[in-house]
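Let me begin by presenting the structure, written as structure tokens, before commenting on it.
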Amino acid sequence: MKCEICKVGETYSSFANVTLERGKSIIIKQVPAEICSNCGEYYLNEETTDSVLKKAEAVMQNKVELEVIQFAA
Ligand SMILES: [Zn+2]
């Protein structure tokens with residue numbers, strides 16, 4: 001698909017590192033995504049977004065400021 005941010009690039013299927021800021025930083029690695037070949041913006045489908053949010057919630061209670069988790073784990 002065409003990138004909605006730069007309007008120039010085409011996206012390709014790959015993996016992205018997704019960072020969420022929820023009072024702490026959560027980095028989820030190797031998330032399946034469509035990535036823009038021009039600007040690097042990534043797009044997650046609905047199902048993936050749900051999984052990402054669930055994984056983020058699961059580590060929210062941990063008392064560390066930075067969580068790095070693997071999407072597939
Ligand atoms: Zn783009």
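Just remember, in the structure tokens the first chain shown is A, the second B, etc., residues are 1-based per chain, and ligands are 1-based in the order shown.
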
Within 8 Å of ligand 1 (counting only C-alpha atoms and all ligand atoms), which residues show up? I'd like them as a PDB file with N, CA and C atoms, in the first residue's frame.
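Contents of result.pdb, as written:
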```pdb
ATOM      1  N   LYS A   2       0.272   2.369  -0.320  1.00  0.00           N
ATOM      2  CA  LYS A   2       1.012   3.621  -0.329  1.00  0.00           C
ATOM      3  C   LYS A   2       1.081   4.181   1.099  1.00  0.00           C
ATOM      4  N   CYS A   3       2.231   4.748   1.445  1.00  0.00           N
ATOM      5  CA  CYS A   3       2.420   5.300   2.778  1.00  0.00           C
ATOM      6  C   CYS A   3       1.550   6.535   2.984  1.00  0.00           C
ATOM      7  N   GLU A   4       0.864   6.579   4.138  1.00  0.00           N
ATOM      8  CA  GLU A   4      -0.023   7.718   4.416  1.00  0.00           C
ATOM      9  C   GLU A   4       0.728   8.921   4.977  1.00  0.00           C
ATOM     10  N   ILE A   5       1.943   8.693   5.408  1.00  0.00           N
ATOM     11  CA  ILE A   5       2.712   9.791   6.008  1.00  0.00           C
ATOM     12  C   ILE A   5       3.447  10.599   4.936  1.00  0.00           C
ATOM     13  N   CYS A   6       4.247   9.942   4.129  1.00  0.00           N
ATOM     14  CA  CYS A   6       5.044  10.681   3.141  1.00  0.00           C
ATOM     15  C   CYS A   6       4.363  10.720   1.783  1.00  0.00           C
ATOM     16  N   LYS A   7       3.357   9.856   1.570  1.00  0.00           N
ATOM     17  CA  LYS A   7       2.607   9.821   0.312  1.00  0.00           C
ATOM     18  C   LYS A   7       3.462   9.461  -0.898  1.00  0.00           C
ATOM     19  N   VAL A   8       4.662   8.989  -0.640  1.00  0.00           N
ATOM     20  CA  VAL A   8       5.578   8.680  -1.739  1.00  0.00           C
ATOM     21  C   VAL A   8       5.932   7.199  -1.753  1.00  0.00           C
ATOM     22  N   GLY A   9       6.292   6.707  -0.566  1.00  0.00           N
ATOM     23  CA  GLY A   9       6.802   5.345  -0.479  1.00  0.00           C
ATOM     24  C   GLY A   9       5.719   4.282  -0.586  1.00  0.00           C
ATOM     25  N   GLU A  10       6.149   3.091  -0.968  1.00  0.00           N
ATOM     26  CA  GLU A  10       5.289   1.911  -0.934  1.00  0.00           C
ATOM     27  C   GLU A  10       5.719   1.088   0.276  1.00  0.00           C
ATOM     28  N   THR A  11       4.758   0.428   0.914  1.00  0.00           N
ATOM     29  CA  THR A  11       5.107  -0.370   2.081  1.00  0.00           C
ATOM     30  C   THR A  11       5.431  -1.802   1.678  1.00  0.00           C
ATOM     31  N   ILE A  35       6.050  -1.750   6.329  1.00  0.00           N
ATOM     32  CA  ILE A  35       6.988  -0.646   6.540  1.00  0.00           C
ATOM     33  C   ILE A  35       7.192   0.145   5.255  1.00  0.00           C
ATOM     34  N   CYS A  36       7.198   1.466   5.383  1.00  0.00           N
ATOM     35  CA  CYS A  36       7.380   2.332   4.223  1.00  0.00           C
ATOM     36  C   CYS A  36       8.828   2.288   3.759  1.00  0.00           C
ATOM     37  N   SER A  37       8.996   2.079   2.461  1.00  0.00           N
ATOM     38  CA  SER A  37      10.357   1.989   1.915  1.00  0.00           C
ATOM     39  C   SER A  37      10.999   3.363   1.816  1.00  0.00           C
ATOM     40  N   ASN A  38      10.211   4.410   1.938  1.00  0.00           N
ATOM     41  CA  ASN A  38      10.751   5.765   1.831  1.00  0.00           C
ATOM     42  C   ASN A  38      11.064   6.385   3.189  1.00  0.00           C
ATOM     43  N   CYS A  39      10.057   6.469   4.086  1.00  0.00           N
ATOM     44  CA  CYS A  39      10.268   7.195   5.343  1.00  0.00           C
ATOM     45  C   CYS A  39      10.418   6.278   6.554  1.00  0.00           C
ATOM     46  N   GLY A  40      10.130   4.986   6.389  1.00  0.00           N
ATOM     47  CA  GLY A  40      10.326   4.056   7.494  1.00  0.00           C
ATOM     48  C   GLY A  40       9.151   3.961   8.460  1.00  0.00           C
ATOM     49  N   GLU A  41       8.079   4.682   8.192  1.00  0.00           N
ATOM     50  CA  GLU A  41       6.884   4.581   9.027  1.00  0.00           C
ATOM     51  C   GLU A  41       6.366   3.148   8.967  1.00  0.00           C
TER      52      GLU A  41
END
```

*Apply DSSP to the structure's backbone, then extract all residues of chain A labelled strand (DSSP E or B) and return them as a PyMOL selection string.*
chain A and resi 2+10-21+25-36+42-43+66-70

_Straight-line distance linking CA of Glu46 in chain A with CA of Lys63 in chain A, stated in Å to one decimal_ = 28.5 Å

_Applying 12 Å and only C-alpha atoms, which residues near Arg22 in chain A remain after dropping the ones on its own chain fewer than 6 positions away? List them as a PyMOL selection string._
chain A and resi 53+56-57+59-61+65-67

*Using only C-alpha atoms, which residues sit within 12 Å of Thr48 in chain A once same-chain residues fewer than 5 positions away are excluded, as an MDAnalysis selection string?*
chainID A and resid 15:16 18 28 30:34 43 53:55 71:72

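Distance-wise, CA of Met1 in chain A and CA of Glu47 in chain A end up 17.8 Å apart.
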
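Taking CA of Asn45 in chain A as the reference point, CA of Val64 in chain A is found at 28.5 Å.
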
*Run DSSP on the backbone and grab whatever in chain A lands in helix (DSSP H, G or I); send it over as a list in words.*
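Filtering chain A to helix (DSSP H, G or I) leaves Glu46, Glu47, Thr48, Thr49, Asp50, Ser51, Val52, Leu53, Lys54, Lys55, Ala56, Glu57, Ala58, Val59 and Met60 of chain A.
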
Selection above as a file: N, CA and C atoms, as a PDB file, in the first residue's frame:
```pdb
ATOM      1  N   GLU A  46      -4.959  -4.662  12.622  1.00  0.00           N
ATOM      2  CA  GLU A  46      -5.752  -4.604  13.849  1.00  0.00           C
ATOM      3  C   GLU A  46      -5.384  -5.708  14.836  1.00  0.00           C
ATOM      4  N   GLU A  47      -5.245  -6.911  14.294  1.00  0.00           N
ATOM      5  CA  GLU A  47      -4.935  -8.066  15.122  1.00  0.00           C
ATOM      6  C   GLU A  47      -3.578  -7.879  15.816  1.00  0.00           C
ATOM      7  N   THR A  48      -2.610  -7.399  15.062  1.00  0.00           N
ATOM      8  CA  THR A  48      -1.274  -7.178  15.621  1.00  0.00           C
ATOM      9  C   THR A  48      -1.310  -6.085  16.675  1.00  0.00           C
ATOM     10  N   THR A  49      -2.068  -5.023  16.406  1.00  0.00           N
ATOM     11  CA  THR A  49      -2.188  -3.935  17.376  1.00  0.00           C
ATOM     12  C   THR A  49      -2.753  -4.458  18.690  1.00  0.00           C
ATOM     13  N   ASP A  50      -3.783  -5.297  18.602  1.00  0.00           N
ATOM     14  CA  ASP A  50      -4.379  -5.900  19.803  1.00  0.00           C
ATOM     15  C   ASP A  50      -3.335  -6.677  20.598  1.00  0.00           C
ATOM     16  N   SER A  51      -2.572  -7.516  19.900  1.00  0.00           N
ATOM     17  CA  SER A  51      -1.559  -8.329  20.570  1.00  0.00           C
ATOM     18  C   SER A  51      -0.508  -7.456  21.227  1.00  0.00           C
ATOM     19  N   VAL A  52      -0.113  -6.391  20.527  1.00  0.00           N
ATOM     20  CA  VAL A  52       0.900  -5.479  21.056  1.00  0.00           C
ATOM     21  C   VAL A  52       0.401  -4.843  22.356  1.00  0.00           C
ATOM     22  N   LEU A  53      -0.849  -4.394  22.355  1.00  0.00           N
ATOM     23  CA  LEU A  53      -1.396  -3.738  23.544  1.00  0.00           C
ATOM     24  C   LEU A  53      -1.528  -4.720  24.705  1.00  0.00           C
ATOM     25  N   LYS A  54      -1.929  -5.967  24.394  1.00  0.00           N
ATOM     26  CA  LYS A  54      -2.051  -6.987  25.441  1.00  0.00           C
ATOM     27  C   LYS A  54      -0.696  -7.281  26.063  1.00  0.00           C
ATOM     28  N   LYS A  55       0.321  -7.386  25.213  1.00  0.00           N
ATOM     29  CA  LYS A  55       1.666  -7.652  25.724  1.00  0.00           C
ATOM     30  C   LYS A  55       2.161  -6.491  26.571  1.00  0.00           C
ATOM     31  N   ALA A  56       1.841  -5.290  26.150  1.00  0.00           N
ATOM     32  CA  ALA A  56       2.252  -4.105  26.903  1.00  0.00           C
ATOM     33  C   ALA A  56       1.575  -4.097  28.269  1.00  0.00           C
ATOM     34  N   GLU A  57       0.287  -4.409  28.295  1.00  0.00           N
ATOM     35  CA  GLU A  57      -0.451  -4.445  29.565  1.00  0.00           C
ATOM     36  C   GLU A  57       0.138  -5.472  30.513  1.00  0.00           C
ATOM     37  N   ALA A  58       0.529  -6.606  29.943  1.00  0.00           N
ATOM     38  CA  ALA A  58       1.041  -7.700  30.758  1.00  0.00           C
ATOM     39  C   ALA A  58       2.302  -7.315  31.521  1.00  0.00           C
ATOM     40  N   VAL A  59       3.072  -6.383  30.992  1.00  0.00           N
ATOM     41  CA  VAL A  59       4.318  -6.004  31.677  1.00  0.00           C
ATOM     42  C   VAL A  59       4.212  -4.656  32.399  1.00  0.00           C
ATOM     43  N   MET A  60       3.021  -4.060  32.352  1.00  0.00           N
ATOM     44  CA  MET A  60       2.845  -2.745  32.970  1.00  0.00           C
ATOM     45  C   MET A  60       3.144  -2.732  34.473  1.00  0.00           C
TER      46      MET A  60
END
```
